[in-house]
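Student: Next comes the structure file final.pdb, holding PDB, C-alpha atoms.
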```
ATOM      1  CA  MET A   1       0.000   0.000   0.000
ATOM      2  CA  LYS A   2       1.127   3.541  -0.762
ATOM      3  CA  ALA A   3       0.379   7.006   0.645
ATOM      4  CA  ILE A   4       1.238  10.530  -0.529
ATOM      5  CA  CYS A   5       2.567  12.921   2.115
ATOM      6  CA  VAL A   6       2.167  16.658   1.584
ATOM      7  CA  PHE A   7       5.642  17.430   2.884
ATOM      8  CA  SER A   8       6.686  20.880   4.107
ATOM      9  CA  GLY A   9       9.967  19.701   5.568
ATOM     10  CA  GLY A  10       9.032  20.717   9.108
ATOM     11  CA  LEU A  11       9.130  18.298  12.030
ATOM     12  CA  ASP A  12       5.385  17.639  11.898
ATOM     13  CA  SER A  13       5.456  16.454   8.288
ATOM     14  CA  MET A  14       8.568  14.370   8.981
ATOM     15  CA  LEU A  15       6.762  12.680  11.869
ATOM     16  CA  ALA A  16       3.590  12.117   9.842
ATOM     17  CA  ALA A  17       5.602  10.259   7.212
ATOM     18  CA  GLN A  18       7.413   8.164   9.824
ATOM     19  CA  ILE A  19       4.233   7.230  11.710
ATOM     20  CA  ILE A  20       2.631   5.890   8.540
ATOM     21  CA  ARG A  21       5.802   4.169   7.318
ATOM     22  CA  ASP A  22       5.984   2.524  10.745
ATOM     23  CA  GLN A  23       2.777   0.689   9.792
ATOM     24  CA  GLY A  24       4.389  -0.854   6.737
ATOM     25  CA  ILE A  25       2.996   1.622   4.212
ATOM     26  CA  GLU A  26       5.156   3.146   1.469
ATOM     27  CA  VAL A  27       5.164   6.958   1.660
ATOM     28  CA  ILE A  28       6.094   9.386  -1.117
ATOM     29  CA  GLY A  29       6.653  13.021  -0.156
ATOM     30  CA  VAL A  30       5.425  15.861  -2.352
ATOM     31  CA  PHE A  31       6.511  19.485  -1.953
ATOM     32  CA  PHE A  32       4.653  22.303  -3.702
ATOM     33  CA  LYS A  33       6.949  25.087  -4.857
ATOM     34  CA  THR A  34       6.077  28.751  -5.539
ATOM     35  CA  PRO A  35       8.078  32.008  -5.439
ATOM     36  CA  PHE A  36       6.845  32.385  -1.847
ATOM     37  CA  PHE A  37       8.137  29.124  -0.416
ATOM     38  CA  GLY A  38      11.076  27.155  -1.770
ATOM     39  CA  PRO A  39      11.982  23.465  -1.405
ATOM     40  CA  GLU A  40      15.384  23.721   0.290
ATOM     41  CA  ARG A  41      14.120  22.852   3.766
ATOM     42  CA  ALA A  42      11.988  19.987   2.456
ATOM     43  CA  ILE A  43      14.910  18.543   0.494
ATOM     44  CA  ARG A  44      17.149  18.502   3.574
ATOM     45  CA  SER A  45      14.456  16.989   5.805
ATOM     46  CA  ALA A  46      13.469  14.324   3.273
ATOM     47  CA  LYS A  47      17.102  13.335   2.883
ATOM     48  CA  HIS A  48      17.487  13.067   6.667
ATOM     49  CA  ILE A  49      14.648  10.530   6.962
ATOM     50  CA  GLU A  50      15.334   8.928   3.559
ATOM     51  CA  LEU A  51      11.919   9.866   2.195
ATOM     52  CA  PRO A  52      11.431   9.917  -1.609
ATOM     53  CA  LEU A  53      10.465  13.483  -2.482
ATOM     54  CA  GLU A  54       8.922  15.031  -5.579
ATOM     55  CA  ILE A  55       8.872  18.812  -6.093
ATOM     56  CA  LEU A  56       6.005  20.293  -8.076
ATOM     57  CA  ASP A  57       5.889  23.933  -9.184
ATOM     58  CA  ILE A  58       2.345  25.227  -8.634
ATOM     59  CA  THR A  59       3.085  28.921  -9.232
ATOM     60  CA  GLU A  60       0.550  29.425 -12.015
ATOM     61  CA  GLU A  61      -2.355  27.922 -10.081
ATOM     62  CA  HIS A  62      -1.266  29.561  -6.844
ATOM     63  CA  LEU A  63      -1.173  33.075  -8.322
ATOM     64  CA  LYS A  64      -4.780  32.678  -9.453
ATOM     65  CA  ILE A  65      -6.036  32.071  -5.914
ATOM     66  CA  LEU A  66      -3.716  34.708  -4.456
ATOM     67  CA  ARG A  67      -5.542  37.586  -6.120
ATOM     68  CA  ASN A  68      -8.962  36.668  -4.759
ATOM     69  CA  PRO A  69      -8.943  33.821  -2.217
ATOM     70  CA  LYS A  70     -12.352  32.370  -1.471
ATOM     71  CA  TYR A  71     -11.622  32.139   2.261
ATOM     72  CA  GLY A  72      -9.653  35.367   2.565
ATOM     73  CA  TYR A  73      -6.204  36.193   3.882
ATOM     74  CA  GLY A  74      -4.492  35.721   7.198
ATOM     75  CA  GLU A  75      -2.780  38.620   8.936
ATOM     76  CA  ASN A  76      -0.875  39.525   5.756
ATOM     77  CA  MET A  77      -1.148  38.191   2.172
ATOM     78  CA  ASN A  78      -1.324  34.538   3.209
ATOM     79  CA  PRO A  79      -4.473  32.824   1.840
ATOM     80  CA  CYS A  80      -3.803  29.788   4.026
ATOM     81  CA  ILE A  81      -7.057  27.869   3.622
ATOM     82  CA  ASP A  82      -7.208  28.372  -0.145
ATOM     83  CA  CYS A  83      -3.507  27.567  -0.447
ATOM     84  CA  HIS A  84      -3.846  24.317   1.498
ATOM     85  CA  SER A  85      -6.949  23.374  -0.495
ATOM     86  CA  LEU A  86      -4.994  23.841  -3.710
ATOM     87  CA  MET A  87      -2.069  21.759  -2.469
ATOM     88  CA  PHE A  88      -4.261  18.877  -1.386
ATOM     89  CA  ARG A  89      -6.278  19.068  -4.602
ATOM     90  CA  ILE A  90      -3.037  18.566  -6.528
ATOM     91  CA  ALA A  91      -1.964  15.891  -4.031
ATOM     92  CA  LYS A  92      -5.154  14.025  -4.953
ATOM     93  CA  ARG A  93      -4.053  14.056  -8.594
ATOM     94  CA  VAL A  94      -0.623  12.760  -7.574
ATOM     95  CA  MET A  95      -2.281  10.054  -5.476
ATOM     96  CA  GLU A  96      -4.233   8.863  -8.498
ATOM     97  CA  GLU A  97      -1.211   9.023 -10.818
ATOM     98  CA  LYS A  98       0.944   7.052  -8.368
ATOM     99  CA  GLU A  99      -1.888   4.602  -7.632
ATOM    100  CA  ALA A 100      -1.624   5.472  -3.950
ATOM    101  CA  SER A 101      -4.529   4.878  -1.582
ATOM    102  CA  PHE A 102      -4.658   8.065   0.538
ATOM    103  CA  VAL A 103      -2.952  11.345   1.413
ATOM    104  CA  ILE A 104      -1.381  12.375   4.722
ATOM    105  CA  SER A 105      -0.082  15.619   6.188
ATOM    106  CA  GLY A 106       1.636  16.845   9.324
ATOM    107  CA  GLU A 107      -1.152  19.276  10.228
ATOM    108  CA  VAL A 108      -1.892  19.528  13.944
ATOM    109  CA  LEU A 109      -5.332  20.551  15.152
ATOM    110  CA  GLY A 110      -5.181  23.953  16.872
ATOM    111  CA  GLN A 111      -1.533  24.600  16.107
ATOM    112  CA  ARG A 112      -2.140  27.518  13.718
ATOM    113  CA  PRO A 113      -5.130  29.792  14.341
ATOM    114  CA  MET A 114      -6.202  30.284  10.724
ATOM    115  CA  SER A 115      -5.216  27.166   8.813
ATOM    116  CA  GLN A 116      -5.357  24.404  11.429
ATOM    117  CA  ASN A 117      -8.533  24.979  13.366
ATOM    118  CA  ARG A 118     -11.286  22.379  13.008
ATOM    119  CA  ARG A 119     -13.293  24.413  10.494
ATOM    120  CA  ALA A 120     -10.229  25.020   8.281
ATOM    121  CA  LEU A 121      -9.226  21.358   8.309
ATOM    122  CA  ASP A 122     -12.748  20.336   7.311
ATOM    123  CA  ILE A 123     -12.826  22.915   4.503
ATOM    124  CA  VAL A 124      -9.503  21.710   3.100
ATOM    125  CA  SER A 125     -10.661  18.089   3.139
ATOM    126  CA  LYS A 126     -13.820  19.042   1.266
ATOM    127  CA  GLU A 127     -12.409  21.625  -1.165
ATOM    128  CA  SER A 128      -9.518  19.369  -2.167
ATOM    129  CA  GLY A 129     -11.876  16.560  -3.122
ATOM    130  CA  LEU A 130     -10.039  14.164  -0.815
ATOM    131  CA  GLY A 131     -12.677  14.106   1.884
ATOM    132  CA  ARG A 132     -12.057  11.178   4.237
ATOM    133  CA  LEU A 133      -9.022  10.054   2.217
ATOM    134  CA  LEU A 134      -7.026  12.823   3.918
ATOM    135  CA  LEU A 135      -5.411  11.522   7.114
ATOM    136  CA  ARG A 136      -3.611  13.688   9.662
ATOM    137  CA  PRO A 137      -1.660  11.154  11.777
ATOM    138  CA  LEU A 138      -0.582  13.576  14.510
ATOM    139  CA  SER A 139      -4.148  14.638  15.391
ATOM    140  CA  ALA A 140      -6.179  11.696  14.057
ATOM    141  CA  LYS A 141      -7.630  10.748  17.444
ATOM    142  CA  LYS A 142      -9.052  14.266  17.800
ATOM    143  CA  LEU A 143     -10.669  14.151  14.361
ATOM    144  CA  PRO A 144     -13.408  12.048  12.720
ATOM    145  CA  ILE A 145     -12.319   8.629  11.555
ATOM    146  CA  THR A 146     -10.973   8.505   8.008
ATOM    147  CA  ILE A 147     -11.266   5.823   5.333
ATOM    148  CA  PRO A 148      -7.709   4.491   5.884
ATOM    149  CA  GLU A 149      -8.588   3.940   9.562
ATOM    150  CA  GLU A 150     -12.076   2.623   8.866
ATOM    151  CA  LYS A 151     -10.836   0.055   6.363
ATOM    152  CA  GLY A 152      -7.931  -1.009   8.546
ATOM    153  CA  TRP A 153      -5.212   0.235   6.206
ATOM    154  CA  VAL A 154      -3.751   1.989   9.240
ATOM    155  CA  LYS A 155      -4.325   1.267  12.898
ATOM    156  CA  ARG A 156      -6.007   4.189  14.620
ATOM    157  CA  GLU A 157      -4.555   3.140  17.984
ATOM    158  CA  LEU A 158      -1.069   3.786  16.587
ATOM    159  CA  LEU A 159      -1.958   7.347  15.569
ATOM    160  CA  TYR A 160      -1.929  10.400  17.855
ATOM    161  CA  GLY A 161      -4.300  12.969  19.322
ATOM    162  CA  ILE A 162      -2.062  16.031  19.506
ATOM    163  CA  HIS A 163      -3.868  19.351  19.907
ATOM    164  CA  GLY A 164      -2.605  22.896  20.325
ATOM    165  CA  ARG A 165       0.735  24.640  20.034
ATOM    166  CA  SER A 166       2.822  22.658  22.510
ATOM    167  CA  ARG A 167       5.655  20.757  20.838
ATOM    168  CA  LYS A 168       6.315  18.349  23.702
ATOM    169  CA  THR A 169       4.853  15.229  22.065
ATOM    170  CA  GLN A 170       6.531  16.011  18.735
ATOM    171  CA  MET A 171       9.902  16.337  20.465
ATOM    172  CA  GLU A 172       9.391  12.962  22.139
ATOM    173  CA  LEU A 173       8.436  11.405  18.805
ATOM    174  CA  ALA A 174      11.512  12.919  17.172
ATOM    175  CA  GLU A 175      13.625  11.015  19.687
ATOM    176  CA  LYS A 176      11.655   7.824  19.079
ATOM    177  CA  TYR A 177      12.275   8.020  15.340
ATOM    178  CA  SER A 178      15.890   9.226  15.730
ATOM    179  CA  ILE A 179      15.131  12.479  13.955
ATOM    180  CA  LYS A 180      18.014  14.651  15.066
ATOM    181  CA  GLU A 181      17.892  17.386  12.429
ATOM    182  CA  TYR A 182      14.780  19.414  11.750
ATOM    183  CA  PRO A 183      14.013  23.112  11.195
ATOM    184  CA  SER A 184      12.397  25.430  13.707
ATOM    185  CA  PRO A 185       8.615  25.752  13.304
ATOM    186  CA  ALA A 186       8.713  29.487  12.504
ATOM    187  CA  GLY A 187       8.893  31.016   9.031
ATOM    188  CA  GLY A 188       8.901  29.388   5.631
ATOM    189  CA  CYS A 189       6.253  31.365   3.745
ATOM    190  CA  LEU A 190       6.988  34.916   2.581
ATOM    191  CA  LEU A 191       3.262  35.654   2.397
ATOM    192  CA  THR A 192       3.135  35.728   6.205
ATOM    193  CA  GLU A 193       5.736  38.529   6.346
ATOM    194  CA  LYS A 194       4.393  42.066   6.670
ATOM    195  CA  GLY A 195       7.019  43.837   4.545
ATOM    196  CA  PHE A 196       6.917  41.342   1.699
ATOM    197  CA  SER A 197       3.115  41.284   1.722
ATOM    198  CA  LYS A 198       2.989  45.061   1.422
ATOM    199  CA  ARG A 199       5.250  44.992  -1.645
ATOM    200  CA  LEU A 200       3.274  42.111  -3.165
ATOM    201  CA  ARG A 201      -0.031  43.895  -2.662
ATOM    202  CA  ASP A 202       1.426  46.969  -4.364
ATOM    203  CA  LEU A 203       2.605  44.830  -7.310
ATOM    204  CA  LEU A 204      -0.764  43.149  -7.794
ATOM    205  CA  GLU A 205      -2.536  46.499  -7.645
ATOM    206  CA  THR A 206      -0.299  48.086 -10.285
ATOM    207  CA  LYS A 207       0.434  45.187 -12.657
ATOM    208  CA  GLU A 208      -2.339  43.008 -14.007
ATOM    209  CA  ASP A 209      -0.144  40.087 -15.060
ATOM    210  CA  PRO A 210       3.193  40.179 -13.171
ATOM    211  CA  GLU A 211       6.050  37.997 -14.338
ATOM    212  CA  ILE A 212       7.911  35.648 -12.024
ATOM    213  CA  LYS A 213      10.883  38.038 -12.058
ATOM    214  CA  ASP A 214       8.617  40.813 -10.738
ATOM    215  CA  ILE A 215       7.720  38.621  -7.763
ATOM    216  CA  GLU A 216      11.320  37.520  -7.226
ATOM    217  CA  LEU A 217      12.428  41.161  -7.117
ATOM    218  CA  LEU A 218      10.122  41.745  -4.150
ATOM    219  CA  LYS A 219      12.579  39.734  -2.041
ATOM    220  CA  TYR A 220      15.434  42.187  -2.508
ATOM    221  CA  GLY A 221      16.206  45.828  -1.793
ATOM    222  CA  ARG A 222      14.170  48.855  -0.812
ATOM    223  CA  HIS A 223      11.179  49.495  -3.080
ATOM    224  CA  PHE A 224       9.994  53.010  -3.951
ATOM    225  CA  ARG A 225       6.697  53.494  -5.801
ATOM    226  CA  ILE A 226       6.998  56.558  -8.072
ATOM    227  CA  ASP A 227       3.698  56.282  -9.933
ATOM    228  CA  GLU A 228       1.269  53.608 -11.077
ATOM    229  CA  TYR A 229       3.740  52.337 -13.679
ATOM    230  CA  THR A 230       7.129  53.116 -12.170
ATOM    231  CA  LYS A 231       9.166  51.681  -9.346
ATOM    232  CA  ILE A 232      12.753  52.115  -8.168
ATOM    233  CA  ILE A 233      14.533  49.325  -6.285
ATOM    234  CA  VAL A 234      17.680  50.077  -4.254
ATOM    235  CA  GLY A 235      20.005  47.228  -3.251
ATOM    236  CA  ARG A 236      21.066  46.986   0.394
ATOM    237  CA  ASN A 237      24.200  44.837   0.127
ATOM    238  CA  ARG A 238      26.427  43.008  -2.349
ATOM    239  CA  ILE A 239      24.183  39.930  -2.569
ATOM    240  CA  GLU A 240      21.067  42.025  -3.202
ATOM    241  CA  ASN A 241      22.932  44.114  -5.782
ATOM    242  CA  GLN A 242      23.801  40.975  -7.718
ATOM    243  CA  LYS A 243      20.251  39.591  -7.516
ATOM    244  CA  ILE A 244      18.738  42.880  -8.707
ATOM    245  CA  LYS A 245      21.090  42.885 -11.692
ATOM    246  CA  GLU A 246      20.246  39.284 -12.539
ATOM    247  CA  LEU A 247      16.486  39.922 -12.356
ATOM    248  CA  SER A 248      16.461  43.165 -14.341
ATOM    249  CA  GLY A 249      14.630  43.122 -17.673
ATOM    250  CA  LYS A 250      15.872  44.242 -21.081
ATOM    251  CA  GLU A 251      13.866  47.459 -20.879
ATOM    252  CA  ASP A 252      14.853  48.315 -17.302
ATOM    253  CA  ILE A 253      17.475  50.892 -16.374
ATOM    254  CA  ILE A 254      20.311  50.059 -13.983
ATOM    255  CA  LEU A 255      22.221  52.730 -12.054
ATOM    256  CA  GLU A 256      25.337  52.491  -9.887
ATOM    257  CA  PRO A 257      27.857  54.961  -8.408
ATOM    258  CA  LYS A 258      30.892  55.436 -10.655
ATOM    259  CA  ASP A 259      33.792  55.792  -8.222
ATOM    260  CA  ILE A 260      32.606  54.604  -4.824
ATOM    261  CA  THR A 261      30.953  51.529  -3.341
ATOM    262  CA  GLY A 262      27.195  51.778  -3.230
ATOM    263  CA  PRO A 263      23.895  50.233  -4.262
ATOM    264  CA  ILE A 264      22.747  48.825  -7.563
ATOM    265  CA  VAL A 265      19.514  50.628  -8.390
ATOM    266  CA  LEU A 266      16.846  49.429 -10.815
ATOM    267  CA  LEU A 267      14.346  51.727 -12.496
ATOM    268  CA  THR A 268      11.409  49.900 -14.039
ATOM    269  CA  GLY A 269       8.377  51.455 -15.695
ATOM    270  CA  GLU A 270       8.269  55.032 -17.042
ATOM    271  CA  LYS A 271      11.826  56.017 -18.014
ATOM    272  CA  SER A 272      11.388  59.783 -18.159
ATOM    273  CA  GLU A 273      14.307  62.096 -17.502
ATOM    274  CA  LYS A 274      12.624  63.114 -14.249
ATOM    275  CA  ASN A 275      12.479  59.497 -13.050
ATOM    276  CA  ILE A 276      16.078  58.842 -14.090
ATOM    277  CA  MET A 277      17.214  61.872 -12.082
ATOM    278  CA  LEU A 278      15.185  60.680  -9.093
ATOM    279  CA  ALA A 279      16.788  57.234  -9.359
ATOM    280  CA  SER A 280      20.242  58.836  -9.519
ATOM    281  CA  ASP A 281      19.500  60.866  -6.378
ATOM    282  CA  LEU A 282      18.352  57.700  -4.593
ATOM    283  CA  THR A 283      21.584  56.011  -5.676
ATOM    284  CA  ALA A 284      23.668  58.864  -4.234
ATOM    285  CA  THR A 285      21.590  59.012  -1.058
ATOM    286  CA  TYR A 286      22.104  55.320  -0.282
ATOM    287  CA  CYS A 287      25.846  55.623  -0.843
ATOM    288  CA  ASN A 288      25.746  57.210   2.630
ATOM    289  CA  ILE A 289      27.553  60.375   1.629
ATOM    290  CA  PRO A 290      26.663  63.678   3.337
ATOM    291  CA  PRO A 291      23.368  65.182   2.102
ATOM    292  CA  GLY A 292      23.858  67.919  -0.472
ATOM    293  CA  ASN A 293      26.910  66.307  -2.098
ATOM    294  CA  TYR A 294      26.949  65.174  -5.717
ATOM    295  CA  ILE A 295      28.591  62.059  -7.182
ATOM    296  CA  ASP A 296      28.850  60.539 -10.646
ATOM    297  CA  ILE A 297      26.236  57.899 -11.380
ATOM    298  CA  VAL A 298      26.549  55.441 -14.272
ATOM    299  CA  VAL A 299      23.186  54.920 -15.962
ATOM    300  CA  TYR A 300      22.894  51.748 -18.052
ATOM    301  CA  LEU A 301      20.192  52.300 -20.653
ATOM    302  CA  PRO A 302      18.767  49.731 -23.107
ATOM    303  CA  GLY A 303      20.792  51.396 -25.888
ATOM    304  CA  GLY A 304      24.011  52.223 -24.037
ATOM    305  CA  LYS A 305      25.161  54.126 -20.968
ATOM    306  CA  ARG A 306      25.794  57.645 -19.738
ATOM    307  CA  ILE A 307      27.048  59.390 -16.620
ATOM    308  CA  ILE A 308      24.967  61.904 -14.687
ATOM    309  CA  LYS A 309      25.273  63.647 -11.349
ATOM    310  CA  GLY A 310      23.290  62.294  -8.435
ATOM    311  CA  LYS A 311      22.596  64.412  -5.361
ATOM    312  CA  ALA A 312      22.512  62.854  -1.892
ATOM    313  CA  HIS A 313      19.477  63.714   0.267
ATOM    314  CA  GLU A 314      18.301  62.848   3.736
ATOM    315  CA  LYS A 315      16.816  59.353   3.517
ATOM    316  CA  MET A 316      13.677  60.646   5.201
ATOM    317  CA  ASP A 317      13.024  62.749   2.083
ATOM    318  CA  PHE A 318      12.081  59.567   0.222
ATOM    319  CA  HIS A 319      10.119  57.763   2.932
ATOM    320  CA  GLY A 320       6.818  58.845   1.423
ATOM    321  CA  LEU A 321       7.647  56.745  -1.643
ATOM    322  CA  LEU A 322       8.849  53.701   0.264
ATOM    323  CA  ILE A 323       6.642  50.626  -0.053
TER     324      ILE A 323
END
```
Could the structure of this file be written out as structure tokens, please?
Tutor:
Amino acid sequence: MKAICVFSGGLDSMLAAQIIRDQGIEVIGVFFKTPFFGPERAIRSAKHIELPLEILDITEEHLKILRNPKYGYGENMNPCIDCHSLMFRIAKRVMEEKEASFVISGEVLGQRPMSQNRRALDIVSKESGLGRLLLRPLSAKKLPITIPEEKGWVKRELLYGIHGRSRKTQMELAEKYSIKEYPSPAGGCLLTEKGFSKRLRDLLETKEDPEIKDIELLKYGRHFRIDEYTKIIVGRNRIENQKIKELSGKEDIILEPKDITGPIVLLTGEKSEKNIMLASDLTATYCNIPPGNYIDIVVYLPGGKRIIKGKAHEKMDFHGLLI
């Protein structure tokens, strides 16, 4: 018998896989990738417990629900219930393709206020089309009996009834299964972060069909909204400078200080002389030179390059534009 595990790479999903494998059932892990959560953690965790793992990119489908989630957002731009429903709906397809019998997850009843309360878990089971074929081994004894339990594919007495945010039982189970390496429970999804969510909301409001590079750019630099069509992004360190360069488009303008160390700055949208001068002033300002001083700024245009003077300002002068 075979089961599909929706695998985040956290301790709970690692334990869910081990509990079911302990009953002699083959488990295949599936991670769903988008620009907002990458597979690195899941890859490490799957390797640690020797779990076969498949990575599926669901960006296109995920972006559709992100604009208008049926069940709304969490504290920021995280449409948790709709996101989980999508993942388990795709997991159902994987289950059928792999000729598996059911799907499992590491969800714990009451652990997360929006996505793991009883109502949310029931909605996900229904919306995904899995219904009672979705088993949550860590909280099974606190939830209605599922088909795998009812038919005796798994023994309910060997499942758990964990509820709430305490990690005590999970830590004990980690010792039982010799799981010595696992990530902390915090983080993982950029949509739960306030700053990133603010920049994403701005992007979706100003660009009807953003490209993946537009979303990737949200992860780097300081973002200044100039008008509905124009944005300036200022790198904060060497790594961000490199990423901004790599993600720039053919029609974008790149600026950098000529003779001193400073930020890479990207101007995307309306490339008027006024906006280029504003971008050059932002470049000078974030070189941390005294306000009022001018420096040479190299402007890389689609058709060549030129050098202009950029004037340093107080950073507070631009805070009204900061996203």
Student: Quick one: everything within 8 Å of Leu130 (chain A), counting all atoms listed in the file, minus sequence neighbours fewer than 2 positions away in the same chain. Send it as a list in words.
Tutor: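 That gives Phe88, Arg89, Lys92, Val103, Ser125, Lys126, Glu127, Ser128, Arg132, Leu133 and Leu134 of chain A.
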Student: Considering only C-alpha atoms, tabulate each residue of region 93-181 of chain A that lies at most 10 Å from region 44-52 of chain A along with its nearest interatomic pair and the corresponding distance in Å to one decimal; arrange the rows by chain and ascending residue number and present them as CSV.
Tutor:
```
residue,atom,partner,partner_atom,distance
A:Tyr177,CA,A:Ile49,CA,9.1
A:Ser178,CA,A:Ile49,CA,9.0
A:Ile179,CA,A:Ile49,CA,7.3
A:Lys180,CA,A:His48,CA,8.6
A:Glu181,CA,A:His48,CA,7.2
```
Student: Compare A:Asp252, A:Leu282, A:Ile244, A:Cys5 by their minimum atom-to-atom distance to Ile264 (chain A), counting only C-alpha atoms, and give me the closest one.
Tutor: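 Closest candidate: A:Ile244.
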Student: Pull out every residue that the PyMOL selection byres ((chain A and resi 143-159) around 9) matches in the shown coordinates and put them as a short mmCIF file (atom, residue, chain, number, x, y, z; two decimals) with C-alpha atoms, keeping the file's coordinate frame.
Tutor:
```cif
data_model
loop_
_atom_site.label_atom_id
_atom_site.label_comp_id
_atom_site.auth_asym_id
_atom_site.auth_seq_id
_atom_site.Cartn_x
_atom_site.Cartn_y
_atom_site.Cartn_z
CA MET A 1 0.00 0.00 0.00
CA ILE A 19 4.23 7.23 11.71
CA ILE A 20 2.63 5.89 8.54
CA GLN A 23 2.78 0.69 9.79
CA GLY A 24 4.39 -0.85 6.74
CA ILE A 25 3.00 1.62 4.21
CA SER A 101 -4.53 4.88 -1.58
CA PHE A 102 -4.66 8.06 0.54
CA LEU A 109 -5.33 20.55 15.15
CA ARG A 118 -11.29 22.38 13.01
CA GLY A 131 -12.68 14.11 1.88
CA ARG A 132 -12.06 11.18 4.24
CA LEU A 133 -9.02 10.05 2.22
CA LEU A 134 -7.03 12.82 3.92
CA LEU A 135 -5.41 11.52 7.11
CA ARG A 136 -3.61 13.69 9.66
CA PRO A 137 -1.66 11.15 11.78
CA LEU A 138 -0.58 13.58 14.51
CA SER A 139 -4.15 14.64 15.39
CA ALA A 140 -6.18 11.70 14.06
CA LYS A 141 -7.63 10.75 17.44
CA LYS A 142 -9.05 14.27 17.80
CA TYR A 160 -1.93 10.40 17.86
CA GLY A 161 -4.30 12.97 19.32
#
```
Student: Enter the distance from CA of Val234 (chain A) to CA of Glu60 (chain A), in Å, rounded to one decimal.
Tutor: 27.9 Å
Student: Just want the 12 Å neighbourhood of Ile239 (chain A), counted on all atoms listed in the file, with same-chain residues fewer than 5 positions away dropped. Output as a PDB file with C-alpha atoms, in the frame of the given file.
Tutor:
```
ATOM      1  CA  LYS A 219      12.579  39.734  -2.041  1.00  0.00           C
ATOM      2  CA  TYR A 220      15.434  42.187  -2.508  1.00  0.00           C
ATOM      3  CA  GLY A 221      16.206  45.828  -1.793  1.00  0.00           C
ATOM      4  CA  ILE A 244      18.738  42.880  -8.707  1.00  0.00           C
ATOM      5  CA  LYS A 245      21.090  42.885 -11.692  1.00  0.00           C
ATOM      6  CA  GLU A 246      20.246  39.284 -12.539  1.00  0.00           C
ATOM      7  CA  PRO A 263      23.895  50.233  -4.262  1.00  0.00           C
ATOM      8  CA  ILE A 264      22.747  48.825  -7.563  1.00  0.00           C
TER       9      ILE A 264
END
```
Student: At what distance in Å, to one decimal, does CA of Tyr300 (chain A) lie from CA of Ile254 (chain A)?
Tutor: 5.1 Å
Student: Could you check which residues have any atom within 9 Å of (23.3, 62.3, -0.6), counting only C-alpha atoms with coordinates taken straight from the file, and then list them as a PyMOL selection string?
Tutor: chain A and resi 281-295+310-315
Student: Might you spell out which residues the PyMOL selection byres ((chain A and resi 53-57) around 7) would select in the displayed file, as a list of chain:residue names?
Tutor: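 With the PyMOL selection byres ((chain A and resi 53-57) around 7) on this model, the match is A:Ile28, A:Gly29, A:Val30, A:Phe31, A:Phe32, A:Lys33, A:Thr34, A:Ala46, A:Leu51, A:Pro52, A:Ile58, A:Thr59.
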Student: What does the structure give for the distance between CA of Gln111 (chain A) and CA of Val6 (chain A), in Å to one decimal?
Tutor: 17.0 Å
Student: Would you mind telling me which residue in A:Arg306, A:Arg93, A:Lys207, A:Arg21 lies nearest to Gly129 (chain A) when using only C-alpha atoms?
Tutor: A:Arg93
Student: With distances taken over all atoms listed in the file, which residue among A:Ile43, A:Ile104, A:Ile307, A:Ile276 lies nearest Gln18 (chain A)?
Tutor: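 With all atoms listed in the file as the atom set, the closest residue is A:Ile104.
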Student: Here's the selection I'm unsure about, the PyMOL selection byres ((chain A and resi 192) around 10); applied to the file above, which residues does it give, as a list in words?
Tutor: Phe36, Tyr73, Gly74, Glu75, Asn76, Met77, Asn78, Pro79, Cys80, Gly187, Gly188, Cys189, Leu190, Leu191, Glu193, Lys194, Gly195, Phe196 and Ser197 of chain A
Student: Using all atoms listed in the file, which of the listed residues (A:Asp122, A:Glu208, A:Glu175, A:Glu26) sits closest to Lys98 (chain A)?
Tutor: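 Looking only at the distances to Lys98 (chain A), the closest residue turns out to be A:Glu26.
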Student: Taking all atoms listed in the file into account, which of A:Lys243, A:Arg167, A:Arg201, A:Arg238 comes nearest Glu216 (chain A)?
Tutor: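 Once distances to Glu216 (chain A) are computed over all atoms listed in the file, the minimum belongs to A:Lys243.
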Student: Counting only C-alpha atoms, which residue out of A:Ala174, A:Leu203, A:Ala16, A:Ala279 sits closest to Leu266 (chain A)?
Tutor: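 Comparing A:Ala174, A:Leu203, A:Ala16, A:Ala279 against Leu266 (chain A), the winner is A:Ala279.
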Student: Would you pick out the contacts of Asp227 (chain A) at 9 Å or less, using all atoms listed in the file, so that residues sharing its chain but fewer than 2 positions from it are not included, and give the list as JSON, numbers by chain?
Tutor: {"A": [225, 229, 230, 231, 269, 270]}
